[in-house]
>>> print(open('protein-v9.tsv').read())   # TSV, C-alpha atoms
chain	number	residue	atom	x	y	z
A	74	PHE	CA	-21.55	-57.01	-121.54
A	75	CYS	CA	-24.65	-59.09	-122.01
A	76	PRO	CA	-28.04	-57.37	-121.64
A	77	ARG	CA	-30.53	-59.16	-119.40
A	78	THR	CA	-33.52	-60.79	-121.03
A	79	GLY	CA	-37.08	-59.96	-119.99
A	80	LYS	CA	-37.31	-63.19	-118.02
A	81	GLN	CA	-34.10	-62.43	-116.12
A	82	ARG	CA	-35.35	-58.95	-115.23
A	83	GLN	CA	-38.63	-60.40	-113.93
A	84	THR	CA	-36.74	-62.95	-111.82
A	85	MET	CA	-34.50	-60.24	-110.31
A	86	HIS	CA	-37.50	-58.00	-109.62
A	87	ALA	CA	-39.28	-60.87	-107.85
A	88	ARG	CA	-36.21	-61.52	-105.69
A	89	MET	CA	-35.96	-57.84	-104.75
A	90	SER	CA	-39.66	-57.76	-103.85
A	91	THR	CA	-39.25	-60.87	-101.70
A	92	SER	CA	-36.23	-59.35	-99.94
A	93	SER	CA	-38.12	-56.12	-99.35
A	94	GLU	CA	-41.12	-57.95	-97.89
A	95	SER	CA	-38.84	-60.02	-95.63
A	96	GLY	CA	-37.22	-56.83	-94.37
A	97	LEU	CA	-40.62	-55.34	-93.58
A	98	LEU	CA	-41.63	-58.45	-91.71
A	99	ARG	CA	-38.43	-58.33	-89.70
A	100	ASP	CA	-39.01	-54.66	-88.88
A	101	GLU	CA	-42.54	-55.32	-87.65
A	102	PRO	CA	-42.55	-55.07	-83.83
A	103	GLU	CA	-43.13	-58.17	-81.78
A	104	ARG	CA	-45.40	-58.65	-78.81
A	105	CYS	CA	-45.07	-60.88	-75.78
A	106	SER	CA	-46.48	-64.39	-75.81
A	107	PRO	CA	-49.73	-65.25	-73.99
A	108	GLU	CA	-47.70	-67.02	-71.30
A	109	GLU	CA	-45.52	-63.94	-70.78
A	110	TRP	CA	-48.63	-61.79	-70.65
A	111	ASP	CA	-50.20	-63.91	-67.90
A	112	ASP	CA	-46.95	-64.06	-65.90
A	113	ARG	CA	-46.51	-60.29	-66.09
A	114	CYS	CA	-50.10	-59.64	-65.05
A	115	GLU	CA	-49.62	-61.91	-62.04
A	116	THR	CA	-46.38	-60.13	-61.13
A	117	ALA	CA	-48.01	-56.71	-61.38
A	118	CYS	CA	-50.91	-57.89	-59.21
A	119	THR	CA	-48.53	-59.22	-56.54
A	120	ARG	CA	-46.52	-56.02	-56.49
A	121	ALA	CA	-49.66	-53.90	-56.30
A	122	GLU	CA	-50.86	-55.90	-53.30
A	123	THR	CA	-47.50	-55.41	-51.58
A	124	ILE	CA	-47.58	-51.68	-52.26
A	125	ASN	CA	-51.06	-51.52	-50.76
A	126	TYR	CA	-49.66	-52.95	-47.51
A	127	LEU	CA	-46.84	-50.41	-47.67
A	128	SER	CA	-49.30	-47.54	-48.10
A	129	VAL	CA	-51.11	-48.62	-44.93
A	130	VAL	CA	-47.88	-48.67	-42.92
A	131	THR	CA	-46.58	-45.34	-44.21
A	132	THR	CA	-49.95	-43.66	-43.68
A	133	LEU	CA	-50.00	-44.88	-40.08
A	134	VAL	CA	-46.44	-43.66	-39.50
A	135	ALA	CA	-47.23	-40.27	-41.04
A	136	GLY	CA	-50.36	-40.01	-38.90
A	137	ALA	CA	-48.40	-40.93	-35.78
A	138	GLY	CA	-45.82	-38.28	-36.62
A	139	LEU	CA	-48.42	-35.57	-37.13
A	140	SER	CA	-50.19	-36.58	-33.93
A	141	GLU	CA	-46.91	-36.50	-32.04
A	142	THR	CA	-46.30	-32.87	-33.02
A	143	SER	CA	-49.44	-31.88	-31.08
A	144	ASN	CA	-47.31	-32.22	-27.94
A	145	PHE	CA	-44.86	-29.59	-29.19
A	146	PRO	CA	-43.14	-27.63	-27.72
A	147	GLY	CA	-43.49	-29.10	-24.24
A	148	LYS	CA	-40.69	-28.56	-21.74
A	149	MET	CA	-37.75	-28.54	-24.15
A	150	THR	CA	-34.77	-26.28	-24.57
A	151	LEU	CA	-34.47	-24.23	-27.76
A	152	ALA	CA	-31.87	-26.61	-29.21
A	153	SER	CA	-34.06	-29.62	-28.42
A	154	GLN	CA	-37.06	-27.93	-30.02
A	155	ARG	CA	-35.16	-27.31	-33.25
A	156	LEU	CA	-33.82	-30.86	-33.39
A	157	TYR	CA	-37.30	-32.23	-32.64
A	158	LEU	CA	-38.84	-30.21	-35.47
A	159	VAL	CA	-36.18	-31.34	-37.96
A	160	LEU	CA	-36.68	-35.01	-37.06
A	161	MET	CA	-40.48	-34.82	-37.21
A	162	ALA	CA	-40.49	-32.86	-40.46
A	163	PHE	CA	-38.23	-35.50	-42.03
A	164	THR	CA	-40.37	-38.40	-40.77
A	165	CYS	CA	-43.67	-36.91	-41.91
A	166	SER	CA	-42.32	-35.81	-45.30
A	167	VAL	CA	-40.90	-39.23	-46.17
A	168	ASN	CA	-43.97	-41.18	-45.13
A	169	ILE	CA	-46.47	-38.80	-46.72
A	170	TYR	CA	-44.48	-39.05	-49.96
A	171	LEU	CA	-44.49	-42.84	-49.82
A	172	SER	CA	-48.21	-42.93	-49.04
A	173	ALA	CA	-49.02	-40.66	-51.98
A	174	VAL	CA	-46.82	-42.58	-54.43
A	175	ALA	CA	-48.09	-45.98	-53.25
A	176	VAL	CA	-51.78	-45.11	-53.47
A	177	THR	CA	-51.60	-43.27	-56.79
A	178	SER	CA	-49.34	-45.86	-58.45
A	179	VAL	CA	-51.69	-48.72	-57.52
A	180	ALA	CA	-54.64	-46.74	-58.85
A	181	ALA	CA	-52.77	-46.00	-62.09
A	182	VAL	CA	-51.80	-49.65	-62.53
A	183	ALA	CA	-55.41	-50.72	-62.01
A	184	ARG	CA	-56.57	-48.20	-64.62
A	185	LEU	CA	-54.02	-49.36	-67.21
A	186	GLY	CA	-54.85	-52.98	-66.40
A	187	ASN	CA	-58.45	-52.40	-67.46
A	188	MET	CA	-57.27	-50.82	-70.71
A	189	ASP	CA	-54.83	-53.68	-71.35
A	190	ARG	CA	-57.65	-56.22	-71.49
A	191	ALA	CA	-58.68	-55.05	-74.94
A	192	LEU	CA	-55.17	-55.75	-76.29
A	193	LYS	CA	-54.52	-59.26	-75.00
A	194	ASP	CA	-55.61	-61.20	-78.11
A	195	LEU	CA	-54.52	-58.69	-80.77
A	196	THR	CA	-51.49	-58.86	-83.06
A	197	ALA	CA	-48.62	-56.41	-82.76
A	198	ALA	CA	-49.80	-54.40	-85.76
A	199	GLU	CA	-53.35	-54.21	-84.38
A	200	ILE	CA	-52.09	-53.14	-80.97
A	201	LEU	CA	-50.08	-50.28	-82.46
A	202	LYS	CA	-53.22	-48.95	-84.12
A	203	HIS	CA	-55.48	-49.45	-81.11
A	204	GLY	CA	-56.71	-46.32	-79.33
A	205	ASN	CA	-56.09	-47.77	-75.85
A	206	TYR	CA	-52.44	-48.47	-76.59
A	207	ARG	CA	-51.84	-45.03	-78.08
A	208	LYS	CA	-53.49	-43.38	-75.10
A	209	MET	CA	-51.43	-45.41	-72.62
A	210	LEU	CA	-48.22	-44.50	-74.43
A	211	LEU	CA	-49.24	-40.86	-74.27
A	212	VAL	CA	-50.09	-40.73	-70.58
A	213	THR	CA	-47.07	-42.79	-69.44
A	214	GLY	CA	-44.53	-41.25	-71.80
A	215	PHE	CA	-43.14	-44.70	-72.63
A	216	PRO	CA	-41.81	-45.53	-76.11
A	217	ALA	CA	-43.75	-48.15	-78.07
A	218	GLU	CA	-40.74	-50.48	-78.05
A	219	ASP	CA	-39.42	-51.72	-74.73
A	220	PRO	CA	-35.66	-50.94	-74.53
A	221	ILE	CA	-35.10	-54.11	-72.49
A	222	ASP	CA	-36.50	-56.79	-74.80
A	223	SER	CA	-37.21	-54.73	-77.97
A	224	LYS	CA	-40.85	-55.81	-77.91
A	225	LEU	CA	-44.01	-53.79	-77.49
A	226	GLN	CA	-44.65	-52.38	-74.03
A	227	LEU	CA	-47.12	-55.06	-72.97
A	228	PRO	CA	-49.01	-55.36	-70.78
A	229	MET	CA	-48.74	-51.66	-70.08
A	230	HIS	CA	-49.76	-51.85	-66.42
A	231	PHE	CA	-46.88	-54.27	-65.78
A	232	LYS	CA	-44.45	-51.89	-67.48
A	233	LEU	CA	-45.70	-49.01	-65.32
A	234	MET	CA	-45.35	-51.08	-62.17
A	235	ARG	CA	-41.83	-52.11	-63.20
A	236	TRP	CA	-40.86	-48.47	-63.77
A	237	THR	CA	-42.35	-47.44	-60.42
A	238	THR	CA	-40.50	-50.08	-58.40
A	239	SER	CA	-37.22	-50.73	-60.25
A	240	GLY	CA	-34.08	-49.39	-58.59
A	241	PHE	CA	-33.37	-46.76	-55.96
A	242	THR	CA	-34.00	-43.97	-58.48
A	243	SER	CA	-37.56	-45.15	-59.18
A	244	PRO	CA	-40.47	-43.18	-57.65
A	245	LEU	CA	-40.96	-45.77	-54.92
A	246	GLY	CA	-37.27	-46.56	-54.53
A	247	ILE	CA	-36.41	-42.95	-53.64
A	248	GLY	CA	-38.75	-43.00	-50.67
A	249	MET	CA	-37.93	-46.54	-49.57
A	250	PHE	CA	-34.21	-45.76	-49.47
A	251	VAL	CA	-34.78	-43.27	-46.63
A	252	PHE	CA	-37.77	-45.05	-45.07
A	253	PRO	CA	-35.71	-46.79	-42.33
A	254	TYR	CA	-34.16	-43.42	-41.44
A	255	SER	CA	-37.62	-41.89	-41.08
A	256	LEU	CA	-38.58	-44.52	-38.50
A	257	VAL	CA	-35.38	-43.92	-36.54
A	258	ALA	CA	-36.02	-40.17	-36.70
A	259	LEU	CA	-39.52	-40.67	-35.26
A	260	VAL	CA	-38.17	-42.70	-32.33
A	261	ALA	CA	-35.43	-40.12	-31.72
A	262	ALA	CA	-37.92	-37.25	-31.73
A	263	VAL	CA	-40.20	-39.01	-29.25
A	264	PHE	CA	-37.21	-39.77	-27.04
A	265	ILE	CA	-36.17	-36.11	-27.03
A	266	ARG	CA	-39.66	-34.92	-26.11
A	267	VAL	CA	-40.19	-37.50	-23.37
A	268	MET	CA	-36.77	-37.12	-21.74
A	269	SER	CA	-36.53	-33.33	-21.89
A	270	PRO	CA	-38.83	-32.63	-18.88
A	271	ILE	CA	-36.75	-34.94	-16.67
A	272	ASP	CA	-34.28	-32.71	-14.86
A	273	ASP	CA	-32.51	-35.35	-12.81
A	274	GLY	CA	-31.38	-38.85	-13.63
A	275	LEU	CA	-28.61	-38.20	-16.16
A	276	PRO	CA	-27.21	-41.74	-15.86
A	277	PHE	CA	-30.68	-43.10	-16.58
A	278	LYS	CA	-30.94	-40.89	-19.66
A	279	ILE	CA	-27.57	-42.08	-20.91
A	280	VAL	CA	-28.40	-45.76	-20.40
A	281	LEU	CA	-31.76	-45.38	-22.11
A	282	ALA	CA	-30.21	-43.45	-25.01
A	283	VAL	CA	-27.61	-46.18	-25.51
A	284	LEU	CA	-30.23	-48.94	-25.51
A	285	ILE	CA	-32.51	-47.11	-27.92
A	286	GLY	CA	-29.58	-46.12	-30.15
A	287	ALA	CA	-28.37	-49.72	-30.35
A	288	MET	CA	-31.82	-50.94	-31.41
A	289	GLN	CA	-32.08	-48.21	-34.03
A	290	LEU	CA	-28.72	-49.24	-35.52
A	291	VAL	CA	-30.14	-52.75	-35.90
A	292	THR	CA	-33.24	-51.26	-37.52
A	293	LEU	CA	-31.11	-49.35	-40.03
A	294	ALA	CA	-28.88	-52.33	-40.79
A	295	PHE	CA	-31.65	-54.80	-41.54
A	296	GLY	CA	-33.91	-52.18	-43.09
A	297	HIS	CA	-31.26	-51.23	-45.64
A	298	LYS	CA	-30.45	-54.86	-46.31
A	299	PHE	CA	-34.03	-55.75	-47.19
A	300	VAL	CA	-34.66	-52.53	-49.12
A	301	GLY	CA	-31.51	-53.26	-51.11
A	302	ILE	CA	-32.82	-56.73	-51.96
A	303	ILE	CA	-36.18	-55.33	-53.05
A	304	PHE	CA	-34.79	-52.62	-55.33
A	305	SER	CA	-31.58	-54.25	-56.57
>>> encode(input="protein-v9.tsv", output="structure tokens")
Amino acid sequence: FCPRTGKQRQTMHARMSTSSESGLLRDEPERCSPEEWDDRCETACTRAETINYLSVVTTLVAGAGLSETSNFPGKMTLASQRLYLVLMAFTCSVNIYLSAVAVTSVAAVARLGNMDRALKDLTAAEILKHGNYRKMLLVTGFPAEDPIDSKLQLPMHFKLMRWTTSGFTSPLGIGMFVFPYSLVALVAAVFIRVMSPIDDGLPFKIVLAVLIGAMQLVTLAFGHKFVGIIFS
């Protein structure tokens, strides 16, 4: 056994300090590059614009459904009345939900976008200490580190938009999954109300029901296809 000299101990201590500092540097969280930041902001803006269009459509459909119920009960049998109410309740519920989620999510993204501006040119360490970032983490409930790329959640409004629109279990995906069904339900309810007062003309009713049913099957097929592309 040979005891280490003072110089050897100093050398070993310096190496340990260097290793410790390197470990700290590796553990320091990373942030996205300026190019990634700009691309994500553009993506969030595009999605927000699309959701704005969606909110207009769903609000119009919900309004049409509520206006349609003013004609209830009309000359309908008890069974037709019950079916009509179920179809209209489903249509209005789905489209009111989508309208509320679309409008509030766009407003929330715009709010976080304004707060993100103060973080664009800061380092990762500065961002973690910034009041805006801490507040956004608190209100969104997101962890500081993105589980997808292990970087900071930046820009935060993009991360919120991604969470809102990613997959069928997202807030917007849940409503969009049944959105085509809500449109078919509205058409079916109107058909029931319009055709119920007609006492004669059963062949005409059957032919019209087949034509409308065939078109609604096409609506469901293509609607689900495109919704699946959007939220896959």
>>> atom_distance(input="protein-v9.tsv", atom1="CA of Val134 in chain A", atom2="CA of Met149 in chain A")
23.2 Å
>>> closest_residue(input="protein-v9.tsv", among="A:Thr213, A:Thr150, A:Thr292, A:Ser166", to="Asp272 in chain A", atoms="all atoms listed in the file")
A:Thr150
>>> axis_aligned_box(input="protein-v9.tsv", around="range 245-259 of chain A", padding_each_side="3 Å", output="lines of an AutoDock Vina configuration file")
center_x = -37.6
center_y = -43.5
center_z = -45.1
size_x = 12.8
size_y = 12.6
size_z = 25.7
>>> atom_distance(input="protein-v9.tsv", atom1="CA of Ala191 in chain A", atom2="CA of Asn205 in chain A")
7.8 Å
>>> atom_distance(input="protein-v9.tsv", atom1="CA of Met268 in chain A", atom2="CA of Val283 in chain A")
13.4 Å
>>> closest_residue(input="protein-v9.tsv", among="A:Met249, A:Leu139, A:Met209, A:Ala287", to="Lys232 in chain A", atoms="all atoms listed in the file")
A:Met209
>>> closest_residue(input="protein-v9.tsv", among="A:Glu109, A:Asp219, A:Glu103, A:Glu122", to="Leu233 in chain A", atoms="all atoms listed in the file")
A:Asp219
>>> closest_residue(input="protein-v9.tsv", among="A:Leu151, A:Ala262, A:Ala282, A:Leu192", to="Cys105 in chain A", atoms="only C-alpha atoms")
A:Leu192
>>> closest_residue(input="protein-v9.tsv", among="A:Pro253, A:Pro220, A:Pro228, A:Pro270", to="Leu290 in chain A", atoms="all atoms listed in the file")
A:Pro253
>>> residues_around(input="protein-v9.tsv", residues="Val267 in chain A", least_positions_apart="5", cutoff="12 Å", atoms="all atoms listed in the file", output="PyMOL selection string")
chain A and resi 141+144-149+153+157+260-262+272+278+281-282
>>> write_last_selection(input="protein-v9.tsv", atoms="C-alpha atoms", output="tab-separated table (two decimals), in the coordinates of the input")
chain	number	residue	atom	x	y	z
A	141	GLU	CA	-46.91	-36.50	-32.04
A	144	ASN	CA	-47.31	-32.22	-27.94
A	145	PHE	CA	-44.86	-29.59	-29.19
A	146	PRO	CA	-43.14	-27.63	-27.72
A	147	GLY	CA	-43.49	-29.10	-24.24
A	148	LYS	CA	-40.69	-28.56	-21.74
A	149	MET	CA	-37.75	-28.54	-24.15
A	153	SER	CA	-34.06	-29.62	-28.42
A	157	TYR	CA	-37.30	-32.23	-32.64
A	260	VAL	CA	-38.17	-42.70	-32.33
A	261	ALA	CA	-35.43	-40.12	-31.72
A	262	ALA	CA	-37.92	-37.25	-31.73
A	272	ASP	CA	-34.28	-32.71	-14.86
A	278	LYS	CA	-30.94	-40.89	-19.66
A	281	LEU	CA	-31.76	-45.38	-22.11
A	282	ALA	CA	-30.21	-43.45	-25.01
>>> closest_residue(input="protein-v9.tsv", among="A:Gly136, A:Pro102, A:Gly301, A:Pro276", to="Ser172 in chain A", atoms="only C-alpha atoms")
A:Gly136
>>> residues_around(input="protein-v9.tsv", residues="Gly214 in chain A", least_positions_apart="6", cutoff="12 Å", atoms="only C-alpha atoms", output="count of residues only")
8
>>> build_atoms(input="protein-v9.tsv", residues="range 182-199 of chain A", atoms="N, CA and C atoms", output="PDB file, in the coordinates of the input")
ATOM      1  N   VAL A 182     -51.987 -48.298 -62.014  1.00  0.00           N
ATOM      2  CA  VAL A 182     -51.800 -49.650 -62.530  1.00  0.00           C
ATOM      3  C   VAL A 182     -53.150 -50.335 -62.757  1.00  0.00           C
ATOM      4  N   ALA A 183     -54.075 -50.144 -61.840  1.00  0.00           N
ATOM      5  CA  ALA A 183     -55.410 -50.720 -62.010  1.00  0.00           C
ATOM      6  C   ALA A 183     -56.108 -50.143 -63.240  1.00  0.00           C
ATOM      7  N   ARG A 184     -55.949 -48.842 -63.454  1.00  0.00           N
ATOM      8  CA  ARG A 184     -56.570 -48.200 -64.620  1.00  0.00           C
ATOM      9  C   ARG A 184     -55.982 -48.738 -65.916  1.00  0.00           C
ATOM     10  N   LEU A 185     -54.649 -48.837 -65.991  1.00  0.00           N
ATOM     11  CA  LEU A 185     -54.020 -49.360 -67.210  1.00  0.00           C
ATOM     12  C   LEU A 185     -54.338 -50.841 -67.397  1.00  0.00           C
ATOM     13  N   GLY A 186     -54.502 -51.567 -66.287  1.00  0.00           N
ATOM     14  CA  GLY A 186     -54.850 -52.980 -66.400  1.00  0.00           C
ATOM     15  C   GLY A 186     -56.191 -53.176 -67.086  1.00  0.00           C
ATOM     16  N   ASN A 187     -57.140 -52.309 -66.788  1.00  0.00           N
ATOM     17  CA  ASN A 187     -58.450 -52.400 -67.460  1.00  0.00           C
ATOM     18  C   ASN A 187     -58.318 -52.098 -68.951  1.00  0.00           C
ATOM     19  N   MET A 188     -57.453 -51.151 -69.308  1.00  0.00           N
ATOM     20  CA  MET A 188     -57.270 -50.820 -70.710  1.00  0.00           C
ATOM     21  C   MET A 188     -56.490 -51.899 -71.449  1.00  0.00           C
ATOM     22  N   ASP A 189     -55.627 -52.612 -70.733  1.00  0.00           N
ATOM     23  CA  ASP A 189     -54.830 -53.680 -71.350  1.00  0.00           C
ATOM     24  C   ASP A 189     -55.688 -54.859 -71.805  1.00  0.00           C
ATOM     25  N   ARG A 190     -56.834 -55.047 -71.170  1.00  0.00           N
ATOM     26  CA  ARG A 190     -57.650 -56.220 -71.490  1.00  0.00           C
ATOM     27  C   ARG A 190     -58.069 -56.258 -72.952  1.00  0.00           C
ATOM     28  N   ALA A 191     -58.252 -55.093 -73.545  1.00  0.00           N
ATOM     29  CA  ALA A 191     -58.680 -55.050 -74.940  1.00  0.00           C
ATOM     30  C   ALA A 191     -57.558 -55.421 -75.904  1.00  0.00           C
ATOM     31  N   LEU A 192     -56.309 -55.510 -75.416  1.00  0.00           N
ATOM     32  CA  LEU A 192     -55.170 -55.750 -76.290  1.00  0.00           C
ATOM     33  C   LEU A 192     -54.632 -57.172 -76.208  1.00  0.00           C
ATOM     34  N   LYS A 193     -55.128 -57.959 -75.287  1.00  0.00           N
ATOM     35  CA  LYS A 193     -54.520 -59.260 -75.000  1.00  0.00           C
ATOM     36  C   LYS A 193     -54.458 -60.179 -76.208  1.00  0.00           C
ATOM     37  N   ASP A 194     -55.518 -60.241 -77.002  1.00  0.00           N
ATOM     38  CA  ASP A 194     -55.610 -61.200 -78.110  1.00  0.00           C
ATOM     39  C   ASP A 194     -55.320 -60.569 -79.475  1.00  0.00           C
ATOM     40  N   LEU A 195     -54.791 -59.371 -79.508  1.00  0.00           N
ATOM     41  CA  LEU A 195     -54.520 -58.690 -80.770  1.00  0.00           C
ATOM     42  C   LEU A 195     -53.084 -58.937 -81.231  1.00  0.00           C
ATOM     43  N   THR A 196     -52.848 -58.767 -82.525  1.00  0.00           N
ATOM     44  CA  THR A 196     -51.490 -58.860 -83.060  1.00  0.00           C
ATOM     45  C   THR A 196     -50.748 -57.562 -82.762  1.00  0.00           C
ATOM     46  N   ALA A 197     -49.431 -57.592 -83.018  1.00  0.00           N
ATOM     47  CA  ALA A 197     -48.620 -56.410 -82.760  1.00  0.00           C
ATOM     48  C   ALA A 197     -49.075 -55.224 -83.602  1.00  0.00           C
ATOM     49  N   ALA A 198     -49.369 -55.485 -84.871  1.00  0.00           N
ATOM     50  CA  ALA A 198     -49.800 -54.400 -85.760  1.00  0.00           C
ATOM     51  C   ALA A 198     -51.140 -53.827 -85.302  1.00  0.00           C
ATOM     52  N   GLU A 199     -52.046 -54.685 -84.852  1.00  0.00           N
ATOM     53  CA  GLU A 199     -53.350 -54.210 -84.380  1.00  0.00           C
ATOM     54  C   GLU A 199     -53.219 -53.419 -83.088  1.00  0.00           C
TER      55      GLU A 199
END
